[in-house]
$ cat work.cif   # mmCIF, C-alpha atoms
data_protein
#
loop_
_atom_site.label_atom_id
_atom_site.label_comp_id
_atom_site.auth_asym_id
_atom_site.auth_seq_id
_atom_site.Cartn_x
_atom_site.Cartn_y
_atom_site.Cartn_z
CA MET A 1 -9.00 -39.59 -20.95
CA LYS A 2 -7.41 -36.47 -19.44
CA LEU A 3 -10.85 -34.87 -19.03
CA LYS A 4 -12.18 -38.01 -17.32
CA ASN A 5 -9.21 -38.15 -14.97
CA GLY A 6 -9.57 -34.43 -14.23
CA LEU A 7 -13.25 -34.85 -13.35
CA LYS A 8 -12.46 -37.85 -11.16
CA ALA A 9 -9.76 -35.90 -9.31
CA GLY A 10 -12.06 -32.89 -8.89
CA TRP A 11 -14.89 -34.75 -7.15
CA PRO A 12 -13.33 -35.16 -3.66
CA PRO A 13 -12.81 -31.41 -3.06
CA ILE A 14 -16.34 -30.67 -4.28
CA VAL A 15 -17.81 -33.26 -1.92
CA VAL A 16 -15.77 -31.86 0.99
CA VAL A 17 -16.94 -28.28 0.25
CA ILE A 18 -20.60 -29.39 0.09
CA LEU A 19 -20.27 -31.24 3.40
CA LEU A 20 -18.63 -28.23 5.07
CA LEU A 21 -21.40 -25.92 3.83
CA LEU A 22 -24.04 -28.37 5.08
CA ILE A 23 -22.40 -28.61 8.52
CA TRP A 24 -22.11 -24.81 8.61
CA GLN A 25 -25.80 -24.36 7.75
CA LEU A 26 -26.96 -26.89 10.33
CA ALA A 27 -24.66 -25.54 13.04
CA VAL A 28 -25.95 -21.98 12.59
CA THR A 29 -29.60 -23.07 12.33
CA TRP A 30 -29.59 -25.40 15.33
CA GLY A 31 -27.04 -23.47 17.37
CA GLY A 32 -29.06 -20.28 17.36
CA THR A 33 -26.07 -18.13 16.37
CA ALA A 34 -26.93 -14.49 15.62
CA SER A 35 -26.94 -13.90 11.87
CA TRP A 36 -24.99 -10.66 12.21
CA LEU A 37 -22.19 -12.61 13.90
CA LEU A 38 -22.07 -15.76 11.76
CA PRO A 39 -24.60 -15.89 8.92
CA SER A 40 -25.55 -19.20 7.36
CA PRO A 41 -24.62 -20.04 3.76
CA LEU A 42 -28.25 -19.57 2.71
CA LYS A 43 -28.35 -16.12 4.35
CA ILE A 44 -25.11 -15.17 2.59
CA TRP A 45 -26.57 -16.29 -0.75
CA GLN A 46 -29.82 -14.39 -0.21
CA ASP A 47 -28.09 -11.14 0.77
CA GLY A 48 -25.59 -11.48 -2.06
CA THR A 49 -28.43 -11.87 -4.56
CA THR A 50 -30.27 -8.87 -3.11
CA ASP A 51 -27.22 -6.61 -3.22
CA MET A 52 -25.89 -7.99 -6.52
CA PRO A 53 -26.11 -4.77 -8.63
CA ARG A 54 -23.91 -2.89 -6.16
CA VAL A 55 -21.60 -5.90 -5.75
CA TRP A 56 -21.08 -6.13 -9.53
CA MET A 57 -20.19 -2.44 -9.68
CA HIS A 58 -17.50 -2.87 -7.03
CA THR A 59 -16.31 -6.13 -8.61
CA PHE A 60 -15.83 -4.48 -12.00
CA ALA A 61 -13.82 -1.67 -10.38
CA THR A 62 -11.56 -4.17 -8.59
CA VAL A 63 -11.00 -6.27 -11.73
CA ARG A 64 -10.15 -3.17 -13.75
CA LEU A 65 -7.66 -1.98 -11.15
CA MET A 66 -6.19 -5.45 -10.78
CA LEU A 67 -5.62 -5.90 -14.52
CA ILE A 68 -3.94 -2.50 -14.93
CA GLY A 69 -1.60 -3.11 -12.00
CA PHE A 70 -0.89 -6.67 -13.17
CA ILE A 71 0.05 -5.57 -16.68
CA VAL A 72 2.30 -2.78 -15.39
CA GLY A 73 4.01 -5.05 -12.84
CA VAL A 74 4.52 -7.94 -15.25
CA THR A 75 5.84 -5.70 -18.02
CA GLY A 76 8.27 -4.03 -15.63
CA GLY A 77 9.34 -7.40 -14.22
CA VAL A 78 10.16 -8.90 -17.63
CA ILE A 79 12.05 -5.79 -18.74
CA VAL A 80 14.07 -5.58 -15.51
CA ALA A 81 14.86 -9.32 -15.56
CA SER A 82 16.05 -9.09 -19.18
CA CYS A 83 18.24 -6.05 -18.43
CA LEU A 84 19.78 -7.64 -15.32
CA HIS A 85 20.50 -10.83 -17.23
CA ARG A 86 22.11 -9.13 -20.19
CA VAL A 87 24.16 -6.66 -18.11
CA PRO A 88 26.05 -8.58 -15.36
CA PHE A 89 27.13 -5.33 -13.64
CA LEU A 90 23.49 -4.31 -13.15
CA LYS A 91 22.61 -7.74 -11.82
CA ALA A 92 25.46 -7.66 -9.29
CA GLY A 93 24.28 -4.27 -8.06
CA PHE A 94 20.50 -4.64 -8.09
CA TYR A 95 19.87 -8.34 -7.39
CA PRO A 96 20.58 -8.04 -3.62
CA LEU A 97 18.34 -4.96 -3.49
CA LEU A 98 15.49 -6.94 -5.06
CA ILE A 99 15.78 -9.55 -2.33
CA LEU A 100 16.04 -6.87 0.35
CA SER A 101 12.93 -5.09 -0.93
CA GLN A 102 10.79 -8.09 -0.02
CA ASN A 103 11.43 -7.46 3.67
CA VAL A 104 9.23 -4.35 3.45
CA PRO A 105 5.53 -5.28 3.90
CA ILE A 106 3.52 -4.10 0.92
CA ILE A 107 0.73 -2.80 3.14
CA ALA A 108 3.27 -0.53 4.87
CA LEU A 109 3.98 1.18 1.52
CA GLY A 110 0.33 2.08 0.98
CA PRO A 111 0.21 5.15 3.25
CA LEU A 112 3.52 6.38 1.83
CA LEU A 113 2.24 6.06 -1.74
CA ILE A 114 -0.91 7.96 -0.81
CA ILE A 115 1.20 10.78 0.67
CA LEU A 116 3.34 10.92 -2.47
CA PHE A 117 0.65 10.48 -5.15
CA GLY A 118 -2.66 11.35 -3.47
CA PHE A 119 -5.90 9.36 -3.24
CA GLY A 120 -6.35 8.70 -6.97
CA ILE A 121 -5.82 5.52 -8.93
CA LEU A 122 -2.05 5.95 -9.38
CA PRO A 123 -0.91 4.82 -5.88
CA LYS A 124 -3.20 1.78 -6.14
CA ILE A 125 -1.72 0.78 -9.49
CA ILE A 126 1.81 1.20 -8.13
CA LEU A 127 0.97 -0.96 -5.11
CA ILE A 128 -0.43 -3.78 -7.27
CA ALA A 129 2.47 -3.49 -9.71
CA LEU A 130 4.96 -3.86 -6.85
CA VAL A 131 3.16 -7.00 -5.66
CA CYS A 132 3.33 -8.53 -9.16
CA PHE A 133 6.81 -7.30 -10.02
CA PHE A 134 8.95 -9.50 -7.75
CA PRO A 135 7.60 -12.99 -8.64
CA VAL A 136 7.84 -12.29 -12.36
CA THR A 137 11.33 -10.79 -12.12
CA MET A 138 12.79 -13.60 -10.02
CA SER A 139 11.13 -16.41 -12.00
CA THR A 140 12.30 -14.97 -15.32
CA LEU A 141 15.83 -14.47 -14.03
CA ASP A 142 15.86 -18.06 -12.80
CA GLY A 143 14.75 -19.22 -16.25
CA PHE A 144 17.56 -17.28 -17.93
CA MET A 145 20.15 -18.75 -15.56
CA GLN A 146 19.00 -22.32 -16.19
CA THR A 147 19.39 -22.18 -19.96
CA ASP A 148 20.87 -25.35 -21.45
CA ARG A 149 24.62 -24.69 -21.42
CA ASN A 150 25.31 -27.21 -24.20
CA MET A 151 22.92 -25.37 -26.54
CA TYR A 152 24.38 -22.05 -25.41
CA ASN A 153 27.93 -23.21 -26.25
CA TYR A 154 26.76 -24.67 -29.56
CA MET A 155 25.15 -21.40 -30.65
CA GLN A 156 28.31 -19.52 -29.73
CA MET A 157 30.35 -22.02 -31.71
CA ILE A 158 28.29 -21.53 -34.89
CA GLY A 159 28.68 -17.76 -34.61
CA ALA A 160 25.34 -16.65 -33.18
CA SER A 161 25.35 -13.12 -31.78
CA ARG A 162 24.49 -12.32 -28.17
CA ARG A 163 21.15 -10.92 -29.34
CA GLN A 164 20.34 -14.07 -31.33
CA ILE A 165 21.21 -16.29 -28.38
CA PHE A 166 18.94 -14.26 -26.13
CA TYR A 167 15.87 -14.24 -28.41
CA LYS A 168 16.22 -17.74 -29.89
CA LEU A 169 17.46 -19.70 -26.86
CA GLU A 170 17.39 -17.92 -23.50
CA LEU A 171 14.00 -16.20 -23.81
CA PRO A 172 12.10 -19.30 -25.04
CA HIS A 173 13.77 -21.38 -22.33
CA ALA A 174 12.65 -18.87 -19.67
CA LEU A 175 8.98 -18.94 -20.75
CA PRO A 176 7.91 -21.79 -18.41
CA PHE A 177 9.56 -19.97 -15.50
CA LEU A 178 7.92 -16.72 -16.57
CA PHE A 179 4.49 -18.34 -16.51
CA THR A 180 5.19 -19.68 -13.03
CA GLY A 181 5.77 -16.09 -11.93
CA LEU A 182 2.65 -14.97 -13.80
CA LYS A 183 0.47 -17.49 -11.97
CA ILE A 184 1.81 -16.31 -8.62
CA SER A 185 1.32 -12.68 -9.61
CA ALA A 186 -2.21 -13.40 -10.84
CA THR A 187 -3.32 -14.32 -7.32
CA TYR A 188 -1.22 -11.60 -5.69
CA SER A 189 -2.75 -8.94 -7.93
CA VAL A 190 -6.23 -9.56 -6.54
CA MET A 191 -4.90 -9.33 -2.99
CA GLY A 192 -3.01 -6.15 -3.87
CA ALA A 193 -6.11 -4.56 -5.39
CA VAL A 194 -8.21 -5.24 -2.28
CA ILE A 195 -5.49 -3.91 0.04
CA ALA A 196 -5.15 -0.80 -2.13
CA GLU A 197 -8.90 -0.21 -1.89
CA TRP A 198 -8.77 -0.64 1.88
CA LEU A 199 -6.26 2.20 2.10
CA GLY A 200 -8.37 4.69 0.19
CA GLY A 201 -10.94 5.15 -2.54
CA GLY A 202 -14.66 5.13 -3.04
CA VAL A 203 -15.22 2.01 -5.12
CA GLY A 204 -14.07 -1.60 -5.31
CA LEU A 205 -14.50 -4.78 -3.28
CA GLY A 206 -12.00 -3.57 -0.66
CA TYR A 207 -14.05 -0.39 -0.15
CA TYR A 208 -17.25 -2.47 -0.13
CA MET A 209 -15.81 -4.64 2.67
CA ILE A 210 -14.94 -1.56 4.72
CA LEU A 211 -18.54 -0.32 4.39
CA GLN A 212 -20.00 -3.69 5.44
CA LYS A 213 -17.63 -3.90 8.40
CA SER A 214 -18.92 -0.55 9.63
CA GLY A 215 -22.49 -1.85 9.43
CA PHE A 216 -21.66 -5.25 11.02
CA ARG A 217 -22.87 -7.00 7.85
CA ALA A 218 -20.89 -10.22 8.11
CA ASP A 219 -23.08 -11.79 5.42
CA ARG A 220 -21.96 -9.26 2.81
CA GLU A 221 -18.36 -9.56 3.99
CA PHE A 222 -18.60 -13.25 3.09
CA VAL A 223 -20.07 -12.34 -0.30
CA ALA A 224 -17.06 -10.11 -1.04
CA ILE A 225 -14.64 -12.80 0.14
CA LEU A 226 -16.30 -15.39 -2.10
CA ILE A 227 -16.08 -13.10 -5.13
CA ILE A 228 -12.39 -12.39 -4.41
CA VAL A 229 -11.69 -16.13 -4.27
CA VAL A 230 -13.54 -16.73 -7.55
CA ILE A 231 -11.68 -13.89 -9.31
CA SER A 232 -8.33 -15.26 -8.10
CA LEU A 233 -9.14 -18.78 -9.33
CA LEU A 234 -10.41 -17.59 -12.71
CA PHE A 235 -7.34 -15.42 -13.27
CA PHE A 236 -5.03 -18.27 -12.26
CA TRP A 237 -6.78 -20.69 -14.64
CA LEU A 238 -6.57 -18.12 -17.44
CA ILE A 239 -2.80 -17.84 -17.03
CA ALA A 240 -2.50 -21.64 -16.81
CA GLY A 241 -4.48 -21.95 -20.07
CA LEU A 242 -2.23 -19.42 -21.80
CA GLU A 243 0.79 -21.36 -20.56
CA LYS A 244 -0.42 -24.53 -22.27
CA LEU A 245 -1.18 -22.55 -25.42
CA PHE A 246 2.19 -20.78 -25.70
CA ILE A 247 4.60 -23.49 -24.55
CA ARG A 248 3.23 -26.67 -26.08
CA TRP A 249 6.80 -27.67 -26.86
CA ASN A 250 7.48 -28.11 -23.16
CA VAL A 251 6.53 -31.78 -22.99
CA LYS A 252 7.40 -32.15 -19.32
CA ARG A 253 5.01 -29.39 -18.24
CA SER A 254 2.14 -30.26 -20.52
CA SER A 255 2.10 -33.96 -19.62
#

$ encode --input "work.cif" --output "structure tokens"
Amino acid sequence: MKLKNGLKAGWPPIVVVILLLLIWQLAVTWGGTASWLLPSPLKIWQDGTTDMPRVWMHTFATVRLMLIGFIVGVTGGVIVASCLHRVPFLKAGFYPLLILSQNVPIIALGPLLIILFGFGILPKIILIALVCFFPVTMSTLDGFMQTDRNMYNYMQMIGASRRQIFYKLELPHALPFLFTGLKISATYSVMGAVIAEWLGGGVGLGYYMILQKSGFRADREFVAILIIVVISLLFFWLIAGLEKLFIRWNVKRSS
């Protein structure tokens, strides 16, 4: 039943996308628009197929970079959120700084990171990790703060230690919030990887887009954009699938 309802709900967007592609193809064909300025969907598909070996090489490099930065950012976010929650003094001191840090555009940090760490992979990983760090940290902190107070008081009453309360009550309760942050970070990590490759490097979809821009190859720019969208969706769905697997007890979210 759920699969049938999901397929029924998924049809309208698919129909809309097909109609938009058809209108796009007809408008370019009949309008006589130069292919270097606005290529048709068929032209984009043909060029993407022709250049696929090189595209796959750059895609693999971007996915690798994205995953490393994502893991580093998420790990750091969970650790920092746990420390801030368990040590109120640290939270009072660092929480406002976390909020303030979001006023600095991530792309503005790229040149600074390159100056500090060079043109290797390290500044790119740091940039992606910073993009993923904030959503995970804030979501996890929010989950800790919204722990059921009745259960918290009950565990204190029966003599549970602070460590036991954290691992058996607060951390499981924060998991749905953590996965919300993970899903946000999953999409941000792809964006962060492309931006990092724009700033420097010799491989990756961001670097590939810079090359195609120099050659006025709008068709291959669209190919890169399409692959970036697909990677973002697949990564998001992977995190959503893991969420259903790990927090089946959360009836409200799984229904």

$ closest_atom_pairs --input "work.cif" --of "region 48-127 of chain A" --to "region 193-199 of chain A" --cutoff "8 Å" --atoms "all atoms listed in the file" --output "Markdown table"
| residue | atom | partner | partner_atom | distance |
| --- | --- | --- | --- | --- |
| A:Thr62 | CA | A:Ala193 | CA | 6.3 |
| A:Leu65 | CA | A:Ala193 | CA | 6.5 |
| A:Met66 | CA | A:Ala193 | CA | 5.5 |
| A:Ile107 | CA | A:Ile195 | CA | 7.0 |
| A:Gly110 | CA | A:Leu199 | CA | 6.7 |
| A:Pro111 | CA | A:Leu199 | CA | 7.2 |
| A:Pro123 | CA | A:Ala196 | CA | 8.0 |
| A:Lys124 | CA | A:Ala196 | CA | 5.2 |
| A:Leu127 | CA | A:Ala196 | CA | 6.8 |

$ closest_residue --input "work.cif" --among "A:Val28, A:Phe134, A:Ser40, A:His85" --to "Asn103 (chain A)" --atoms "only C-alpha atoms"
A:Phe134

$ residues_around --input "work.cif" --residues "Thr187 (chain A)" --least-positions-apart "2" --cutoff "8 Å" --atoms "only C-alpha atoms" --output "PyMOL selection string"
chain A and resi 183-185+189-191+232-233+235-236

$ atom_distance --input "work.cif" --atom1 "CA of Phe144 (chain A)" --atom2 "CA of Phe70 (chain A)"
21.8 Å

$ atom_distance --input "work.cif" --atom1 "CA of Leu211 (chain A)" --atom2 "CA of Val229 (chain A)"
19.3 Å

$ closest_residue --input "work.cif" --among "A:Ile44, A:Ile23, A:Ile126, A:Leu100" --to "Leu112 (chain A)" --atoms "only C-alpha atoms"
A:Ile126

$ axis_aligned_box --input "work.cif" --around "region 88-103 of chain A" --padding-each-side "8 Å" --output "AutoDock Vina command-line options"
--center_x 19.0 --center_y -6.9 --center_z -5.8 --size_x 32.3 --size_y 21.3 --size_z 35.0

$ closest_residue --input "work.cif" --among "A:Phe117, A:Phe166, A:Phe222, A:Tyr207" --to "Ala61 (chain A)" --atoms "all atoms listed in the file"
A:Tyr207

$ closest_residue --input "work.cif" --among "A:Met145, A:Cys83, A:Cys132, A:Met209" --to "Leu67 (chain A)" --atoms "all atoms listed in the file"
A:Cys132

$ atom_distance --input "work.cif" --atom1 "CA of Asp142 (chain A)" --atom2 "CA of Ala174 (chain A)"
7.6 Å

$ closest_residue --input "work.cif" --among "A:Gly159, A:Gly215, A:Gly73, A:Gly200" --to "Tyr188 (chain A)" --atoms "all atoms listed in the file"
A:Gly73

$ resolve_selection --input "work.cif" --expression "the PyMOL selection byres ((chain A and resi 176) around 12)" --output "PyMOL selection string"
chain A and resi 136+139-144+146-147+170-175+177-183+239-240+242-254
